[in-house]
Amino acid sequence: MAPARALTIFDVYERFTKGKKVTEAEWDYQIIPTNAAAMKDKYKIKFGKEMIPEDKDMKNRLFQAGMDMLVTTGFYNCDLGRVMNVTEEEVWDGIKKTPKWLLLGEGKDAARFDPRHGNDARKPIIQGGPTGAPVSEEVFVQVMQSYAQEAVVDTLVNGVMATIEGHSAKTNTPWEIKAELAELRAVREARIRAGRPNMAI
Amino acid sequence: MGGLRPCDSHECSQLNELKIDMAALNMLSGWSQNGDTIMIEQMPIFGGYCGGVEETTICDIATTLASFTMFQGNFHLDGPIHIRWGITTARETLQIAGHAAAAIDANTDLLIANQYYPIAGPCTEMCLLETAAQAIVDTASGREMLSGSAAAKGVAMDKTTGMEARIMGEAAIATCGKKISEINGILEKLISSYEKNYHKPPAGKRFQECYDVKTVMPTDEYLQIYDKAVETLNGFGLGIK
C-alpha cells in the first residue's frame, strides 16, 4: 500500500507508543540474532575472502536482506519498551525524501557532499578529527588545528574535551554542557588558526 | 557563544542493535524542526547480538536505512566494530563495512560515511597502515565520507593527531578509480601485514609528543614514520604520490 506520507520524528514517536511491548533482553538475545540469521538464509548470503564484493547479484541480495531485516524486525525504543514497524514503501519514501547532496561549510571552505558510485574517480569527503576520543582541555585547540591545517581534510569532527576548567565533563551534568560549548569555540579557533574559518564541523 | 550552523552537522547515535532511546528522539525533534543537518551514527558490533560477518552486515544495512526513514538523517555514519578488539580496522569489520557500503551504493544515492578506530596509537607505522586499509575499503566501496581517526581505539587521552587524517585522505585519493579486484589484492597484503600484532599493538605517543604544541608542526620522527608507511603501502601497490 502507498505510504500516507514520509515519516516525521513525531510519526515515529506515535508509532512507538502504539507498538508491541517486548523486553530488551528478548530483543537483544532472541529477536535480533534469530531474524539476522533468517535473512542470511533467505537471501543466501555467504561472503568469500574479498573485502569488497564484485558480484552485482550478491550486492542486490544483501541490500534486500537488510531491507527485509528492517521491515520484518522493526525498531526498538528501549525507554518505552516497544517496537515500531515500517513498510518497504515507507523506507523508499524516506530515501526519496533525503537530500541527494549537501553543502558542508561556507564560502571557499565549503565541501560539496555528493553521491559517489563504486570506486568513483572523485575522492570522498575527508572529515578529520579525533571522532569522539578524549582530548585534554589544554591542547584541544592545537589538536583540532592539526586536522584543520591538513591539505586533504575537508571538514572537521570533534574530540571530546575531557575537562572544563578542571572539572570532569561528566554526562548529564551542567559541566557536560559547558564543555560541549567550549569544544565548539575551540574548534572555531582551530579553524581560524589554520586559515579555514568556515570549514564545517 | 556556542551553536552550530545549518551547514554543520548534528550527530545522534542509534543503540546496538536496531534500538534507540527517547533522548535521541527528543534531540531529533528539535533539529528536524530547526532545519539542521543531521548525521545519524550506528556502530554495529561484530560478534555481538547480530552474530557473524554476514548477519552483522545485514543489520548494518537495516540500521542505515532506518537513519533516513525513521530518524530524519541526511547522512549516515557507520562504524562496524570488533567485539574482541574494539576496532574498526580488523579484517572482519572491514569486510562488513565494504559489503554494506557496496550493497547500499548499488541500490541508492544515499550519503554514507564511516568512522575510524585503529588499535595502534599515533606515531606508529601500524596505526597509519590500519587507517589506510579502512580508507581503501571505504573509498572503493562507494562511501562519500571518511571520518577520523580515533587512534588507540579512541579511548586514550590525547592519542589522536592530524597525521592520521593525512594518511586517511592520501590513501583514499590513491584508491579512487582503481579496479575492485586490484583493491582486494592490495587489501589482502595490507591487512595481513598488521593483523598479527593485535595482541601487542604499539601504544604510540600523545599529541604533545607527536607535535610541537606551540607551532602545531609534526615532529621529524612522525614525518619519517609517515614516509615509511607510504613506502610500505606503495610496495603493496597503492601508489600514493
# chains A, B, ... in the order shown; residues from 1 in each chain; ligands from 1

call {"tool": "select_by_dssp", "arguments": {"residues": "segment 81-164 of chain B", "states": "alpha helix (DSSP H)", "output": "MDAnalysis selection string"}}
result
chainID B and resid 91:107 125:140 162:164

call {"tool": "write_last_selection", "arguments": {"atoms": "N, CA and C atoms", "output": "short mmCIF file (atom, residue, chain, number, x, y, z; two decimals), in the first residue's frame"}}
result
data_model
loop_
_atom_site.label_atom_id
_atom_site.label_comp_id
_atom_site.auth_asym_id
_atom_site.auth_seq_id
_atom_site.Cartn_x
_atom_site.Cartn_y
_atom_site.Cartn_z
N ARG B 91 40.01 -7.30 10.03
CA ARG B 91 39.59 -7.93 8.75
C ARG B 91 38.06 -8.07 8.68
N GLU B 92 37.46 -8.59 9.75
CA GLU B 92 36.01 -8.85 9.72
C GLU B 92 35.20 -7.55 9.62
N THR B 93 35.62 -6.53 10.39
CA THR B 93 34.83 -5.30 10.39
C THR B 93 35.03 -4.52 9.08
N LEU B 94 36.19 -4.65 8.48
CA LEU B 94 36.40 -4.04 7.16
C LEU B 94 35.53 -4.74 6.12
N GLN B 95 35.41 -6.05 6.25
CA GLN B 95 34.59 -6.79 5.29
C GLN B 95 33.11 -6.41 5.44
N ILE B 96 32.67 -6.23 6.67
CA ILE B 96 31.28 -5.80 6.92
C ILE B 96 31.06 -4.42 6.29
N ALA B 97 31.98 -3.49 6.58
CA ALA B 97 31.84 -2.12 6.05
C ALA B 97 31.85 -2.12 4.53
N GLY B 98 32.76 -2.87 3.94
CA GLY B 98 32.90 -2.91 2.48
C GLY B 98 31.67 -3.49 1.81
N HIS B 99 31.11 -4.56 2.39
CA HIS B 99 29.93 -5.19 1.80
C HIS B 99 28.68 -4.34 2.01
N ALA B 100 28.52 -3.77 3.20
CA ALA B 100 27.34 -2.93 3.47
C ALA B 100 27.32 -1.72 2.54
N ALA B 101 28.47 -1.06 2.42
CA ALA B 101 28.53 0.14 1.57
C ALA B 101 28.28 -0.22 0.11
N ALA B 102 28.90 -1.30 -0.36
CA ALA B 102 28.73 -1.68 -1.76
C ALA B 102 27.27 -2.01 -2.07
N ALA B 103 26.58 -2.67 -1.12
CA ALA B 103 25.17 -3.02 -1.34
C ALA B 103 24.29 -1.78 -1.35
N ILE B 104 24.55 -0.85 -0.44
CA ILE B 104 23.75 0.39 -0.39
C ILE B 104 24.05 1.26 -1.61
N ASP B 105 25.33 1.33 -1.96
CA ASP B 105 25.75 2.13 -3.12
C ASP B 105 25.11 1.62 -4.41
N ALA B 106 24.99 0.30 -4.54
CA ALA B 106 24.45 -0.28 -5.78
C ALA B 106 22.94 -0.05 -5.91
N ASN B 107 22.28 0.31 -4.80
CA ASN B 107 20.82 0.39 -4.82
C ASN B 107 20.23 1.75 -4.48
N GLU B 125 53.86 3.04 12.63
CA GLU B 125 53.52 2.66 11.26
C GLU B 125 52.23 1.84 11.25
N MET B 126 52.04 1.01 12.28
CA MET B 126 50.84 0.16 12.29
C MET B 126 49.57 1.01 12.29
N CYS B 127 49.54 2.06 13.07
CA CYS B 127 48.37 2.94 13.13
C CYS B 127 48.07 3.50 11.73
N LEU B 128 49.11 3.93 11.03
CA LEU B 128 48.92 4.51 9.70
C LEU B 128 48.46 3.45 8.69
N LEU B 129 49.00 2.25 8.81
CA LEU B 129 48.60 1.18 7.89
C LEU B 129 47.15 0.76 8.12
N GLU B 130 46.76 0.65 9.39
CA GLU B 130 45.37 0.31 9.70
C GLU B 130 44.41 1.36 9.13
N THR B 131 44.77 2.63 9.34
CA THR B 131 43.93 3.73 8.87
C THR B 131 43.82 3.70 7.35
N ALA B 132 44.95 3.45 6.69
CA ALA B 132 44.95 3.38 5.22
C ALA B 132 44.08 2.23 4.73
N ALA B 133 44.15 1.09 5.43
CA ALA B 133 43.35 -0.08 5.00
C ALA B 133 41.87 0.27 4.98
N GLN B 134 41.42 0.93 6.05
CA GLN B 134 40.00 1.27 6.09
C GLN B 134 39.65 2.33 5.04
N ALA B 135 40.56 3.28 4.84
CA ALA B 135 40.30 4.32 3.83
C ALA B 135 40.16 3.69 2.44
N ILE B 136 40.96 2.68 2.17
CA ILE B 136 40.89 1.99 0.88
C ILE B 136 39.53 1.29 0.74
N VAL B 137 39.13 0.56 1.79
CA VAL B 137 37.84 -0.14 1.76
C VAL B 137 36.69 0.84 1.56
N ASP B 138 36.69 1.90 2.37
CA ASP B 138 35.57 2.85 2.33
C ASP B 138 35.49 3.56 0.97
N THR B 139 36.62 3.94 0.44
CA THR B 139 36.64 4.66 -0.84
C THR B 139 36.19 3.75 -1.98
N ALA B 140 36.74 2.56 -2.02
CA ALA B 140 36.46 1.65 -3.14
C ALA B 140 35.04 1.09 -3.09
N GLY B 162 46.47 15.04 13.57
CA GLY B 162 46.15 15.28 12.17
C GLY B 162 46.88 14.37 11.19
N MET B 163 48.01 13.81 11.60
CA MET B 163 48.77 12.95 10.69
C MET B 163 47.98 11.69 10.30
N GLU B 164 47.14 11.21 11.20
CA GLU B 164 46.33 10.03 10.86
C GLU B 164 45.27 10.40 9.82
#

call {"tool": "residues_around", "arguments": {"residues": "Met157 of chain B", "least_positions_apart": "2", "cutoff": "12 Å", "atoms": "only C-alpha atoms", "output": "number ranges by chain"}}
result
A: 130, 132-140, 143, 159-163; B: 121-122, 150-155, 159-161, 203-208

call {"tool": "residues_around", "arguments": {"residues": "Val187 of chain A", "least_positions_apart": "4", "cutoff": "7 Å", "atoms": "only C-alpha atoms", "output": "list in words"}}
result
Val141, Met144, Glu183 and Arg191 of chain A

call {"tool": "residues_around", "arguments": {"residues": "segment 37-43 of chain B", "least_positions_apart": "5", "cutoff": "10 Å", "atoms": "only C-alpha atoms", "output": "number ranges by chain"}}
result
A: 102-104; B: 4-19, 24, 28, 31-32, 60, 63-64, 66-68, 71-82, 88, 111-115

call {"tool": "atom_distance", "arguments": {"atom1": "atom CA of Tyr29 of chain A", "atom2": "atom CA of Val91 of chain A"}}
result
25.5 Å

call {"tool": "select_by_dssp", "arguments": {"residues": "segment 76-138 of chain A", "states": "strand (DSSP E or B)", "output": "PyMOL selection string"}}
result
chain A and resi 76-77+82-84+102-104+111-113+125-128+134-135

call {"tool": "residues_around", "arguments": {"residues": "Val86 of chain A", "least_positions_apart": "2", "cutoff": "9 Å", "atoms": "only C-alpha atoms", "output": "mmCIF file with C-alpha atoms, in the first residue's frame"}}
result
data_model
loop_
_atom_site.group_PDB
_atom_site.id
_atom_site.type_symbol
_atom_site.label_atom_id
_atom_site.label_comp_id
_atom_site.auth_asym_id
_atom_site.auth_seq_id
_atom_site.Cartn_x
_atom_site.Cartn_y
_atom_site.Cartn_z
ATOM 1 C CA LEU A 70 14.290 -3.638 8.977
ATOM 2 C CA VAL A 71 10.745 -4.222 7.708
ATOM 3 C CA THR A 72 10.324 -7.627 9.376
ATOM 4 C CA GLY A 74 11.157 -3.134 13.190
ATOM 5 C CA PHE A 75 12.994 -0.867 15.622
ATOM 6 C CA MET A 84 7.641 0.147 15.813
ATOM 7 C CA GLU A 88 9.217 -1.156 2.488
ATOM 8 C CA GLU A 89 7.289 1.642 0.757
ATOM 9 C CA GLU A 90 7.948 3.908 3.735
ATOM 10 C CA VAL A 91 11.652 3.072 3.623
ATOM 11 C CA THR B 69 13.382 6.548 7.059
ATOM 12 C CA MET B 70 12.727 6.959 10.775
#

call {"tool": "closest_residue", "arguments": {"among": "A:Ala37, A:Gln64, A:Cys78, A:Arg5", "to": "Thr17 of chain A", "atoms": "only C-alpha atoms"}}
result
A:Cys78

call {"tool": "residues_around", "arguments": {"residues": "Ile58 of chain B", "least_positions_apart": "2", "cutoff": "7 Å", "atoms": "only C-alpha atoms", "output": "MDAnalysis selection string"}}
result
(chainID A and resid 36 62 65:66) or (chainID B and resid 54:56 60:62)

call {"tool": "atom_distance", "arguments": {"atom1": "atom CA of Ser192 of chain B", "atom2": "atom CA of Ser147 of chain B"}}
result
23.5 Å

call {"tool": "residues_around", "arguments": {"residues": "segment 179-182 of chain A", "least_positions_apart": "3", "cutoff": "7 Å", "atoms": "only C-alpha atoms", "output": "VMD selection string"}}
result
(chain A and resid 161 163 to 164 169 175 to 176 185 to 186) or (chain B and resid 2)

call {"tool": "closest_residue", "arguments": {"among": "B:Arg143, B:Leu233, B:Ser149, B:Tyr222", "to": "Ile186 of chain B", "atoms": "only C-alpha atoms"}}
result
B:Leu233

call {"tool": "closest_residue", "arguments": {"among": "A:Tyr43, A:Phe16, A:Tyr147, A:Phe10", "to": "chain B", "atoms": "only C-alpha atoms"}}
result
A:Tyr147

call {"tool": "atom_distance", "arguments": {"atom1": "atom CA of Arg82 of chain A", "atom2": "atom CA of Lys21 of chain A"}}
result
4.5 Å

call {"tool": "closest_residue", "arguments": {"among": "B:Lys214, B:Lys189, B:Lys241, B:Lys228", "to": "Thr175 of chain B", "atoms": "only C-alpha atoms"}}
result
B:Lys241

call {"tool": "decode", "arguments": {"residues": "segment 131-203 of chain B", "atoms": "C-alpha atoms", "output": "compact mmCIF listing (two decimals), in the first residue's frame"}}
result
# COMPACT_ATOMS: atom_id res chain seq x y z
CA THR B 131 43.93 3.73 8.87
CA ALA B 132 44.95 3.38 5.22
CA ALA B 133 43.35 -0.08 5.00
CA GLN B 134 40.00 1.27 6.09
CA ALA B 135 40.30 4.32 3.83
CA ILE B 136 40.89 1.99 0.88
CA VAL B 137 37.84 -0.14 1.76
CA ASP B 138 35.57 2.85 2.33
CA THR B 139 36.64 4.66 -0.84
CA ALA B 140 36.46 1.65 -3.14
CA SER B 141 33.07 0.53 -1.79
CA GLY B 142 31.45 3.85 -2.71
CA ARG B 143 31.27 5.76 0.56
CA GLU B 144 31.03 9.54 0.37
CA MET B 145 32.76 10.48 3.63
CA LEU B 146 35.65 9.17 5.74
CA SER B 147 35.62 10.42 9.35
CA GLY B 148 38.61 10.03 11.62
CA SER B 149 40.72 8.92 13.08
CA ALA B 150 40.40 7.86 16.72
CA ALA B 151 43.73 6.08 17.11
CA ALA B 152 44.44 3.79 20.09
CA LYS B 153 40.78 2.67 19.94
CA GLY B 154 39.59 6.20 20.67
CA VAL B 155 39.87 5.70 24.42
CA ALA B 156 43.35 7.02 25.32
CA MET B 157 43.78 10.68 26.29
CA ASP B 158 45.41 12.86 23.59
CA LYS B 159 46.26 9.93 21.30
CA THR B 160 44.89 11.43 18.10
CA THR B 161 46.59 13.78 15.62
CA GLY B 162 46.15 15.28 12.17
CA MET B 163 48.77 12.95 10.69
CA GLU B 164 46.33 10.03 10.86
CA ALA B 165 43.79 12.07 8.88
CA ARG B 166 46.53 12.78 6.33
CA ILE B 167 47.09 9.09 5.61
CA MET B 168 43.30 8.53 5.55
CA GLY B 169 42.95 11.19 2.84
CA GLU B 170 46.02 10.27 0.82
CA ALA B 171 45.10 6.56 0.81
CA ALA B 172 41.57 7.49 -0.34
CA ILE B 173 42.91 9.63 -3.19
CA ALA B 174 45.28 6.86 -4.30
CA THR B 175 42.42 4.34 -4.25
CA CYS B 176 39.97 6.33 -6.40
CA GLY B 177 39.30 4.77 -9.80
CA LYS B 178 41.25 1.54 -9.28
CA LYS B 179 39.65 -1.80 -10.18
CA ILE B 180 37.99 -3.59 -7.24
CA SER B 181 39.92 -6.80 -7.96
CA GLU B 182 43.17 -4.83 -7.67
CA ILE B 183 41.95 -3.17 -4.46
CA ASN B 184 41.02 -6.52 -2.90
CA GLY B 185 44.55 -7.77 -3.72
CA ILE B 186 46.18 -4.75 -2.08
CA LEU B 187 43.96 -5.14 0.99
CA GLU B 188 44.86 -8.79 1.45
CA LYS B 189 48.55 -7.92 1.63
CA LEU B 190 47.98 -4.85 3.77
CA ILE B 191 45.68 -6.38 6.40
CA SER B 192 47.91 -9.46 6.67
CA SER B 193 50.84 -7.17 7.45
CA TYR B 194 49.34 -5.76 10.67
CA GLU B 195 46.64 -8.09 12.00
CA LYS B 196 49.14 -10.39 13.68
CA ASN B 197 50.01 -7.57 16.08
CA TYR B 198 46.60 -7.14 17.77
CA HIS B 199 47.73 -8.88 20.94
CA LYS B 200 50.53 -6.36 21.49
CA PRO B 201 49.76 -3.25 19.43
CA PRO B 202 52.21 -0.33 19.68
CA ALA B 203 50.77 2.19 22.15
